[in-house]
Amino acid sequence: MSKQLIKARDLHKHYTINDGFLKSSKKLKALSGVGFDLYEGKTLAVVGESGCGKSTLARLLTTIEEPTSGQLSIDGIDMGSVQSKAITKQLRQTVQMVFQDPFGSLNPRQKVGDILQEPLIINTSLSASERKQKALDMMSLVGLRDEHFQRYPHMFSGGQRQRIAIARALILKPKVVVLDEPVSALDVSIQAQVINLLVELQKELGLAYVFISHDLSIVRHIADEVLVMYLGKPVEQGPSEVIFNDPKHPYTQALLSATPSTNIKNKRQRIKLTGELPSPIDPPNGCAFNPRCQHANKSCKISEPVMDTFGKSRAACLALDEGRI
Amino acid sequence: MALLEIVNLTVDFATATGSLRAVDGINLTIDEGEIVAIVGESGSGKSVGMLALMGLLPWTSTVTADRISFNGQDLLNMTDKQRRKIIGKDISMIFQEPMTSLNPCFTVGYQITEVLSHHFGGKRKSYNKKAIELLNQVGIPAAESRLNSFPHQLSGGMCQRVMIAMMIACKPKLLIADEPTTALDVTIQAQILELLIELQQSHGMALVLITHDMAVVAETAERVIVLYAGQQVEQRKVKELFENPKHPYSEALLNALPERAQDKHLNAIPGVVPGQMDRPRGCLFSPRCNYAQDLCSQEKAPLKDGILCHFPLNLSKSKKQKAINLETG
């Protein structure tokens with residue numbers, strides 16, 4: 001069994017929203033009750049529509065923000081019990097992040113060499129020549145050439161910029177990399193290049209990925225484990241092949257059937273999802289998915305479902321609990 | 001007779017570093033009630049070509065064509081005033097970003113009725129009923145109260161529906177949808193695509209779908225045009241293209257999809273689309289092509305049967321032999 005790197009149990013993140021000083025403040029539940037384990041060399045994919053809390057989860061994992069409640073341990077250390085700043089700093093090096101937009105996430109006034117060396121200057125006490133050597137090594141690892149060291153980000157194409165962002169994330173030798181929609185801003189042909197690079201790096205360095213995406217065909221390709229979220233709550237969770245071949249939750253089924261496929265020979269029957277994602281400030285009573293669900297009945301509007309095990313995956317659905325589907 | 005006929009459309013932009021050819025000799029015919037998809041990566045000229053047809057390009061552009069005719073009228077030699085009578089009424093266009101293509105300062109109702117009063121005359125207010133009807137048609141709940149909403153009060157999917165309602169208000173004969181679902185979630189994408197096809201069938205209008213997503217093409221279109229670096233490299237029926245692509249670029253695009261990968265390794269296309277400065281001398285795809293030979297990097301590729309390639313793939317054997325004989329002999 002490989003090493004457990006992230007253990008998350010029942011994570012919650014609530015934001016308080018002030019709507020003017022005469023009105024009472026509201027709670028926005030961006031994330032409620034998310035839990036998973038992530039092991040060395042494995043990929044966990046987090047999927048869902050916009051506003052489902054995918055990016056909030058990324059912020060918690062990279063310790064940019066603290067969870068409101070719940071337990072999060074990274075590399076065996078419980079984040080809640082950590083007091084000293086040194087350990088927090090250490091943990092931040094363990095988890096690094098690659099952002100969606102390679103045009104916005106790189107400083108246009110820094111050269112590639114400086115972008116890559118900055119994390120080393122802040123976190124290590126290496127000499128200038130050692131730092132440069134490290135940056136050059138990392139550049140060749142992600143497929144950039146030595147002469148790129150002195151160039152600015154605007155001189156690169158989108159795919160190359162994403163390589164720079166990946167190199168920056170890897171330079172502190174993290175164990176976990178959080179990839180927030182790393183290829184959705186790229187063209188199809190370039191997408192494949194970056195995905196290949198990520199797969200190779202994972203094999204070589206034994207990295208664990210948290211892969212946030214809305215593109216299910218890429219998730220199916222890269223993920224070992226899939227977590228489907230809806231309005232801040234996990235609705236289904238399990239090994240990738242189980243989720244894709246035998247989705248249990250009505251939302252997962254709808255999401256899969258809504259994804260267009262290039263297989264023109266056998267067209268699937270579409271499950272029609274009407275309506276849109278409700279606002280997380282004012283979520284519906286009972287199951288969050290009930291206004292859009294074709295299996296919803298009275299009880300779905302009253303009580304909230306919890307995650308239960310069905311076969312090899314886990315899902316939160318009352319219709320499943322009651323055996324209605 | 002074809003509804004829209006474009007022959008040899010070329011668009012050049014004057015830039016600080018010289019002339020940039022964004023669209024290079026595109027031919028396109030669209031029949032009434034047909035769905036045609038235009039696919040290509042960014043910079044392939046798919047949007048610019050359609051914007052040229054609409055006359056929406058900035059003054060730095062030069063549009064030339066042998067013929068652009070719509071419904072028997074010559075669009076090329078028309079005055080701007082005459083053209084504006086057709087654009088927005090008989091030909092209309094939906095853009096990628098629904099949030100930014102609506103005017104944030106006016107209500108949804110204002111923007112829809114404005115279109116109607118502009119093209120058919122009369123007071124804006126007199127079209128309120130028609131606007132409600134349109135909003136119902138595109139599936140917006142509580143349409144009557146939505147007339148007074150501003151775009152920022154609606155979600156992305158709803159804005160795109162408003163945009164569609166505006167565009168079908170004048171019952172166009174041709175609707176151009178430029179990446180209509182790229183900014184939307186998958187479940188909303190499915191809803192919008194379904195709506196477009198439904199409207200296409202009930203109104204009998206032709207639909208041009210500009211996209212970079214091969215899966216969207218497979219699910220919606222009948223005919224597809226593949227563009228690469230401003231050139232039209234393949235024009236086929238969708239089913240034929242997916243089963244049996246003839247241009248190496250179309251094949252590479254399909255193979256790069258995760259669905260078609262055999263193992264963890266995707267079949268990426270090496271390199272990037274050529275820019276203004278590094279345009280190859282011969283076939284534009286030759287530096288990235290798996291099948292490229294010496295001839296490809298020296299001479300421009302010929303256009304044959306709608307395929308722009310020296311050595312098209314998957315030809316029957318005798319045809320292939322003939323092609324090779326021709327090239328060598």
# chains A, B, ... in the order shown; residues from 1 in each chain; ligands from 1
$ select_by_dssp --residues "region 41-76 of chain B" --states "strand (DSSP E)" --output "PyMOL selection string"
chain B and resi 61-64+67-70+73-74
$ write_last_selection --atoms "all heavy atoms" --output "tab-separated table (two decimals), in the first residue's frame"
chain	number	residue	atom	x	y	z
B	61	SER	N	-9.00	45.47	-41.56
B	61	SER	CA	-9.09	44.22	-42.32
B	61	SER	C	-9.44	44.49	-43.78
B	61	SER	O	-10.09	45.47	-44.11
B	61	SER	CB	-10.18	43.34	-41.72
B	61	SER	OG	-11.42	44.00	-41.81
B	62	THR	N	-8.96	43.61	-44.64
B	62	THR	CA	-9.33	43.66	-46.04
B	62	THR	C	-10.01	42.35	-46.38
B	62	THR	O	-9.41	41.29	-46.22
B	62	THR	CB	-8.08	43.79	-46.94
B	62	THR	OG1	-7.16	44.67	-46.29
B	62	THR	CG2	-8.43	44.30	-48.30
B	63	VAL	N	-11.25	42.42	-46.81
B	63	VAL	CA	-11.98	41.21	-47.17
B	63	VAL	C	-12.08	41.12	-48.68
B	63	VAL	O	-12.55	42.05	-49.33
B	63	VAL	CB	-13.40	41.23	-46.57
B	63	VAL	CG1	-14.15	39.97	-46.93
B	63	VAL	CG2	-13.33	41.42	-45.06
B	64	THR	N	-11.60	40.03	-49.24
B	64	THR	CA	-11.78	39.82	-50.67
B	64	THR	C	-12.42	38.47	-50.90
B	64	THR	O	-12.20	37.54	-50.13
B	64	THR	CB	-10.45	39.86	-51.44
B	64	THR	OG1	-9.58	38.89	-50.86
B	64	THR	CG2	-9.80	41.22	-51.41
B	67	ARG	N	-16.97	35.53	-54.72
B	67	ARG	CA	-18.41	35.73	-54.64
B	67	ARG	C	-18.90	35.47	-53.22
B	67	ARG	O	-18.49	34.51	-52.58
B	67	ARG	CB	-19.13	34.79	-55.61
B	67	ARG	CG	-20.64	35.05	-55.61
B	67	ARG	CD	-21.36	34.47	-56.81
B	67	ARG	NE	-21.47	33.03	-56.77
B	67	ARG	CZ	-20.90	32.22	-57.64
B	67	ARG	NH1	-20.17	32.71	-58.61
B	67	ARG	NH2	-21.05	30.93	-57.56
B	68	ILE	N	-19.75	36.34	-52.72
B	68	ILE	CA	-20.51	36.06	-51.51
B	68	ILE	C	-21.96	36.36	-51.85
B	68	ILE	O	-22.31	37.52	-52.07
B	68	ILE	CB	-20.09	36.94	-50.31
B	68	ILE	CG1	-18.62	36.79	-50.01
B	68	ILE	CG2	-20.91	36.56	-49.09
B	68	ILE	CD1	-18.15	37.62	-48.83
B	69	SER	N	-22.77	35.34	-51.94
B	69	SER	CA	-24.17	35.63	-52.24
B	69	SER	C	-25.05	34.95	-51.22
B	69	SER	O	-24.79	33.83	-50.78
B	69	SER	CB	-24.54	35.18	-53.65
B	69	SER	OG	-24.61	33.78	-53.72
B	70	PHE	N	-26.09	35.68	-50.81
B	70	PHE	CA	-27.03	35.15	-49.84
B	70	PHE	C	-28.43	35.24	-50.43
B	70	PHE	O	-28.87	36.33	-50.79
B	70	PHE	CB	-26.94	35.95	-48.53
B	70	PHE	CG	-27.97	35.54	-47.52
B	70	PHE	CD1	-27.79	34.38	-46.78
B	70	PHE	CD2	-29.12	36.28	-47.33
B	70	PHE	CE1	-28.72	33.98	-45.87
B	70	PHE	CE2	-30.06	35.89	-46.41
B	70	PHE	CZ	-29.86	34.73	-45.67
B	73	GLN	N	-28.83	37.31	-53.46
B	73	GLN	CA	-28.35	38.69	-53.47
B	73	GLN	C	-26.84	38.71	-53.30
B	73	GLN	O	-26.29	37.93	-52.53
B	73	GLN	CB	-28.99	39.48	-52.32
B	73	GLN	CG	-30.47	39.67	-52.47
B	73	GLN	CD	-31.10	40.03	-51.16
B	73	GLN	OE1	-31.13	39.22	-50.23
B	73	GLN	NE2	-31.59	41.26	-51.06
B	74	ASP	N	-26.19	39.61	-54.00
B	74	ASP	CA	-24.75	39.71	-53.91
B	74	ASP	C	-24.36	40.60	-52.73
B	74	ASP	O	-24.56	41.80	-52.76
B	74	ASP	CB	-24.22	40.30	-55.23
B	74	ASP	CG	-22.70	40.34	-55.23
B	74	ASP	OD1	-22.10	39.77	-54.30
B	74	ASP	OD2	-22.14	40.93	-56.17
$ residues_around --residues "Asp80 (chain B)" --least-positions-apart "6" --cutoff "12 Å" --atoms "only C-alpha atoms" --output "tab-separated table (two decimals) with C-alpha atoms, in the first residue's frame"
chain	number	residue	atom	x	y	z
B	54	MET	CA	-21.50	39.74	-41.22
B	55	GLY	CA	-19.38	42.80	-42.01
B	56	LEU	CA	-18.30	43.11	-38.39
B	86	ILE	CA	-30.14	41.70	-44.25
B	87	ILE	CA	-27.70	41.38	-41.37
$ closest_residue --among "B:Val224, B:Leu184, B:Ala229, B:Val7" --to "chain A" --atoms "only C-alpha atoms"
B:Leu184
$ closest_residue --among "A:Gly159, A:Ala223, A:Val242, A:Val183" --to "Pro270 (chain B)" --atoms "only C-alpha atoms"
A:Gly159
$ closest_atom_pairs --of "chain B" --to "chain A" --cutoff "7 Å" --atoms "only C-alpha atoms" --output "CSV"
residue,atom,partner,partner_atom,distance
B:Glu41,CA,A:Asp187,CA,5.9
B:Ser42,CA,A:Asp187,CA,6.8
B:Asp185,CA,A:Glu49,CA,5.8
B:Val186,CA,A:Thr259,CA,6.1
B:Thr187,CA,A:Ala258,CA,5.5
B:Ala190,CA,A:Ala258,CA,5.6
B:Met214,CA,A:Thr262,CA,6.7
B:Ala215,CA,A:Thr262,CA,4.5
B:Val216,CA,A:Pro260,CA,5.8
B:Ala218,CA,A:Thr262,CA,5.3
B:Glu219,CA,A:Pro260,CA,6.5
B:Leu253,CA,A:Ser189,CA,6.5
B:Ala256,CA,A:Ala192,CA,6.0
B:Pro258,CA,A:Ile218,CA,5.8
B:Glu259,CA,A:Ser217,CA,6.3
B:Lys264,CA,A:His221,CA,6.9
B:His265,CA,A:Asn196,CA,5.8
B:Leu266,CA,A:Ala192,CA,5.7
B:Asn267,CA,A:Ala192,CA,6.8
B:Ala268,CA,A:Ala192,CA,4.8
B:Ile269,CA,A:Ser189,CA,5.4
$ write_last_selection --atoms "N, CA, C and O atoms" --output "short mmCIF file (atom, residue, chain, number, x, y, z; two decimals), in the first residue's frame"
data_model
loop_
_atom_site.label_atom_id
_atom_site.label_comp_id
_atom_site.auth_asym_id
_atom_site.auth_seq_id
_atom_site.Cartn_x
_atom_site.Cartn_y
_atom_site.Cartn_z
N GLU B 41 -8.77 24.99 -34.34
CA GLU B 41 -8.18 25.48 -33.09
C GLU B 41 -8.22 27.01 -33.11
O GLU B 41 -8.57 27.61 -34.12
N SER B 42 -7.81 27.63 -32.00
CA SER B 42 -7.80 29.09 -31.99
C SER B 42 -6.79 29.57 -33.04
O SER B 42 -5.74 28.98 -33.22
N ASP B 185 -21.66 25.40 -18.54
CA ASP B 185 -21.47 24.08 -17.98
C ASP B 185 -22.05 23.00 -18.89
O ASP B 185 -22.93 23.27 -19.69
N VAL B 186 -21.59 21.75 -18.69
CA VAL B 186 -22.04 20.68 -19.60
C VAL B 186 -23.54 20.47 -19.61
O VAL B 186 -24.13 20.26 -20.67
N THR B 187 -24.19 20.52 -18.44
CA THR B 187 -25.63 20.27 -18.43
C THR B 187 -26.36 21.39 -19.15
O THR B 187 -27.33 21.16 -19.86
N ALA B 190 -25.82 21.07 -22.97
CA ALA B 190 -26.74 20.12 -23.58
C ALA B 190 -28.09 20.78 -23.84
O ALA B 190 -28.69 20.61 -24.90
N MET B 214 -14.85 18.60 -30.95
CA MET B 214 -15.22 17.58 -31.91
C MET B 214 -16.48 16.83 -31.47
O MET B 214 -17.27 16.39 -32.29
N ALA B 215 -16.65 16.67 -30.16
CA ALA B 215 -17.80 15.91 -29.66
C ALA B 215 -19.10 16.65 -29.96
O ALA B 215 -20.11 16.03 -30.31
N VAL B 216 -19.07 17.98 -29.85
CA VAL B 216 -20.26 18.78 -30.17
C VAL B 216 -20.62 18.61 -31.65
O VAL B 216 -21.78 18.47 -32.03
N ALA B 218 -19.95 16.01 -33.55
CA ALA B 218 -20.47 14.66 -33.76
C ALA B 218 -21.94 14.57 -33.37
O ALA B 218 -22.71 13.85 -33.99
N GLU B 219 -22.32 15.31 -32.34
CA GLU B 219 -23.68 15.17 -31.83
C GLU B 219 -24.69 16.03 -32.57
O GLU B 219 -25.89 15.76 -32.50
N LEU B 253 -6.54 15.40 -35.04
CA LEU B 253 -7.47 16.03 -34.09
C LEU B 253 -8.33 14.98 -33.41
O LEU B 253 -8.55 15.02 -32.19
N ALA B 256 -6.36 12.84 -30.94
CA ALA B 256 -5.92 13.52 -29.72
C ALA B 256 -6.99 13.48 -28.63
O ALA B 256 -6.72 13.81 -27.49
N PRO B 258 -9.27 12.23 -25.68
CA PRO B 258 -9.04 11.21 -24.66
C PRO B 258 -9.85 9.94 -24.90
O PRO B 258 -9.41 8.85 -24.57
N GLU B 259 -11.04 10.08 -25.50
CA GLU B 259 -11.88 8.91 -25.74
C GLU B 259 -11.22 7.90 -26.66
O GLU B 259 -11.53 6.72 -26.63
N LYS B 264 -2.67 5.20 -21.22
CA LYS B 264 -2.58 6.48 -20.52
C LYS B 264 -1.96 7.58 -21.39
O LYS B 264 -1.96 8.74 -21.02
N HIS B 265 -1.41 7.20 -22.55
CA HIS B 265 -0.74 8.18 -23.38
C HIS B 265 -1.67 8.68 -24.47
O HIS B 265 -2.23 7.90 -25.23
N LEU B 266 -1.86 10.01 -24.54
CA LEU B 266 -2.71 10.57 -25.58
C LEU B 266 -1.88 10.82 -26.83
O LEU B 266 -0.69 11.11 -26.75
N ASN B 267 -2.51 10.73 -27.99
CA ASN B 267 -1.79 10.99 -29.24
C ASN B 267 -1.79 12.48 -29.52
O ASN B 267 -2.61 12.97 -30.30
N ALA B 268 -0.89 13.20 -28.87
CA ALA B 268 -0.85 14.65 -29.04
C ALA B 268 -0.29 15.00 -30.41
O ALA B 268 0.45 14.21 -31.01
N ILE B 269 -0.67 16.18 -30.92
CA ILE B 269 -0.05 16.69 -32.14
C ILE B 269 1.15 17.53 -31.71
O ILE B 269 0.98 18.47 -30.93
#
$ select_by_dssp --residues "region 168-319 of chain B" --states "alpha helix (DSSP H)" --output "ChimeraX atom specification"
/B:168,186-203,214-220,238-243,248-255,294-298,317-319
$ residues_around --residues "Gln133 (chain A)" --least-positions-apart "2" --cutoff "12 Å" --atoms "only C-alpha atoms" --output "PyMOL selection string"
chain A and resi 113+116-117+120+126-131+135-140+146+149+171
$ residues_around --residues "Ile302 (chain A)" --least-positions-apart "2" --cutoff "6 Å" --atoms "only C-alpha atoms" --output "PyMOL selection string"
chain A and resi 286+299-300
$ write_last_selection --atoms "C-alpha atoms" --output "JSON list (two decimals), in the first residue's frame"
[["chain", "number", "residue", "atom", "x", "y", "z"],
["A", 286, "GLY", "CA", -33.82, 18.46, 1.69],
["A", 299, "SER", "CA", -39.15, 12.80, 1.17],
["A", 300, "CYS", "CA", -36.38, 14.27, -1.02]]
$ residues_around --residues "Ile307 (chain B)" --least-positions-apart "3" --cutoff "9 Å" --atoms "only C-alpha atoms" --output "ChimeraX atom specification"
/B:232-236,246-247,302-304,312
$ residues_around --residues "Val238 (chain B)" --least-positions-apart "5" --cutoff "10 Å" --atoms "only C-alpha atoms" --output "VMD selection string"
(chain A and resid 264) or (chain B and resid 36 to 37 217 to 225 243 to 245)
$ residues_around --residues "Ala301 (chain B)" --least-positions-apart "3" --cutoff "9 Å" --atoms "only C-alpha atoms" --output "MDAnalysis selection string"
chainID B and resid 282:284 296 308:311
$ atom_distance --atom1 "CA of His119 (chain B)" --atom2 "CA of Lys85 (chain B)"
7.3 Å
$ atom_distance --atom1 "CA of Gln231 (chain B)" --atom2 "CA of Ile26 (chain B)"
6.5 Å
$ atom_distance --atom1 "CA of Ser117 (chain B)" --atom2 "CA of Gln191 (chain B)"
29.2 Å
$ decode --residues "region 181-192 of chain B" --atoms "N, CA, C and O atoms" --output "PDB file, in the first residue's frame"
ATOM      1  N   THR B 181     -21.663  27.506 -26.657  1.00  0.00           N
ATOM      2  CA  THR B 181     -21.744  26.813 -25.364  1.00  0.00           C
ATOM      3  C   THR B 181     -20.409  26.704 -24.651  1.00  0.00           C
ATOM      4  O   THR B 181     -20.318  26.084 -23.602  1.00  0.00           O
ATOM      5  N   THR B 182     -19.355  27.315 -25.213  1.00  0.00           N
ATOM      6  CA  THR B 182     -18.025  27.140 -24.638  1.00  0.00           C
ATOM      7  C   THR B 182     -17.929  27.687 -23.216  1.00  0.00           C
ATOM      8  O   THR B 182     -17.225  27.140 -22.380  1.00  0.00           O
ATOM      9  N   ALA B 183     -18.663  28.772 -22.939  1.00  0.00           N
ATOM     10  CA  ALA B 183     -18.546  29.387 -21.618  1.00  0.00           C
ATOM     11  C   ALA B 183     -19.519  28.764 -20.616  1.00  0.00           C
ATOM     12  O   ALA B 183     -19.614  29.208 -19.493  1.00  0.00           O
ATOM     13  N   LEU B 184     -20.254  27.727 -21.024  1.00  0.00           N
ATOM     14  CA  LEU B 184     -21.310  27.187 -20.161  1.00  0.00           C
ATOM     15  C   LEU B 184     -20.968  25.793 -19.626  1.00  0.00           C
ATOM     16  O   LEU B 184     -20.141  25.089 -20.181  1.00  0.00           O
ATOM     17  N   ASP B 185     -21.659  25.405 -18.544  1.00  0.00           N
ATOM     18  CA  ASP B 185     -21.473  24.076 -17.981  1.00  0.00           C
ATOM     19  C   ASP B 185     -22.054  22.999 -18.890  1.00  0.00           C
ATOM     20  O   ASP B 185     -22.929  23.275 -19.689  1.00  0.00           O
ATOM     21  N   VAL B 186     -21.589  21.747 -18.692  1.00  0.00           N
ATOM     22  CA  VAL B 186     -22.041  20.676 -19.598  1.00  0.00           C
ATOM     23  C   VAL B 186     -23.541  20.467 -19.610  1.00  0.00           C
ATOM     24  O   VAL B 186     -24.127  20.258 -20.669  1.00  0.00           O
ATOM     25  N   THR B 187     -24.186  20.520 -18.437  1.00  0.00           N
ATOM     26  CA  THR B 187     -25.628  20.266 -18.427  1.00  0.00           C
ATOM     27  C   THR B 187     -26.361  21.390 -19.152  1.00  0.00           C
ATOM     28  O   THR B 187     -27.327  21.157 -19.864  1.00  0.00           O
ATOM     29  N   ILE B 188     -25.863  22.636 -18.989  1.00  0.00           N
ATOM     30  CA  ILE B 188     -26.469  23.777 -19.677  1.00  0.00           C
ATOM     31  C   ILE B 188     -26.135  23.715 -21.166  1.00  0.00           C
ATOM     32  O   ILE B 188     -26.952  24.034 -22.019  1.00  0.00           O
ATOM     33  N   GLN B 189     -24.910  23.257 -21.483  1.00  0.00           N
ATOM     34  CA  GLN B 189     -24.509  23.103 -22.876  1.00  0.00           C
ATOM     35  C   GLN B 189     -25.477  22.184 -23.611  1.00  0.00           C
ATOM     36  O   GLN B 189     -25.935  22.486 -24.714  1.00  0.00           O
ATOM     37  N   ALA B 190     -25.819  21.066 -22.969  1.00  0.00           N
ATOM     38  CA  ALA B 190     -26.745  20.117 -23.585  1.00  0.00           C
ATOM     39  C   ALA B 190     -28.094  20.775 -23.838  1.00  0.00           C
ATOM     40  O   ALA B 190     -28.693  20.606 -24.896  1.00  0.00           O
ATOM     41  N   GLN B 191     -28.562  21.569 -22.856  1.00  0.00           N
ATOM     42  CA  GLN B 191     -29.855  22.252 -23.021  1.00  0.00           C
ATOM     43  C   GLN B 191     -29.833  23.224 -24.194  1.00  0.00           C
ATOM     44  O   GLN B 191     -30.758  23.264 -25.004  1.00  0.00           O
ATOM     45  N   ILE B 192     -28.760  24.029 -24.289  1.00  0.00           N
ATOM     46  CA  ILE B 192     -28.682  25.058 -25.328  1.00  0.00           C
ATOM     47  C   ILE B 192     -28.573  24.434 -26.724  1.00  0.00           C
ATOM     48  O   ILE B 192     -29.241  24.854 -27.667  1.00  0.00           O
TER      49      ILE B 192
END
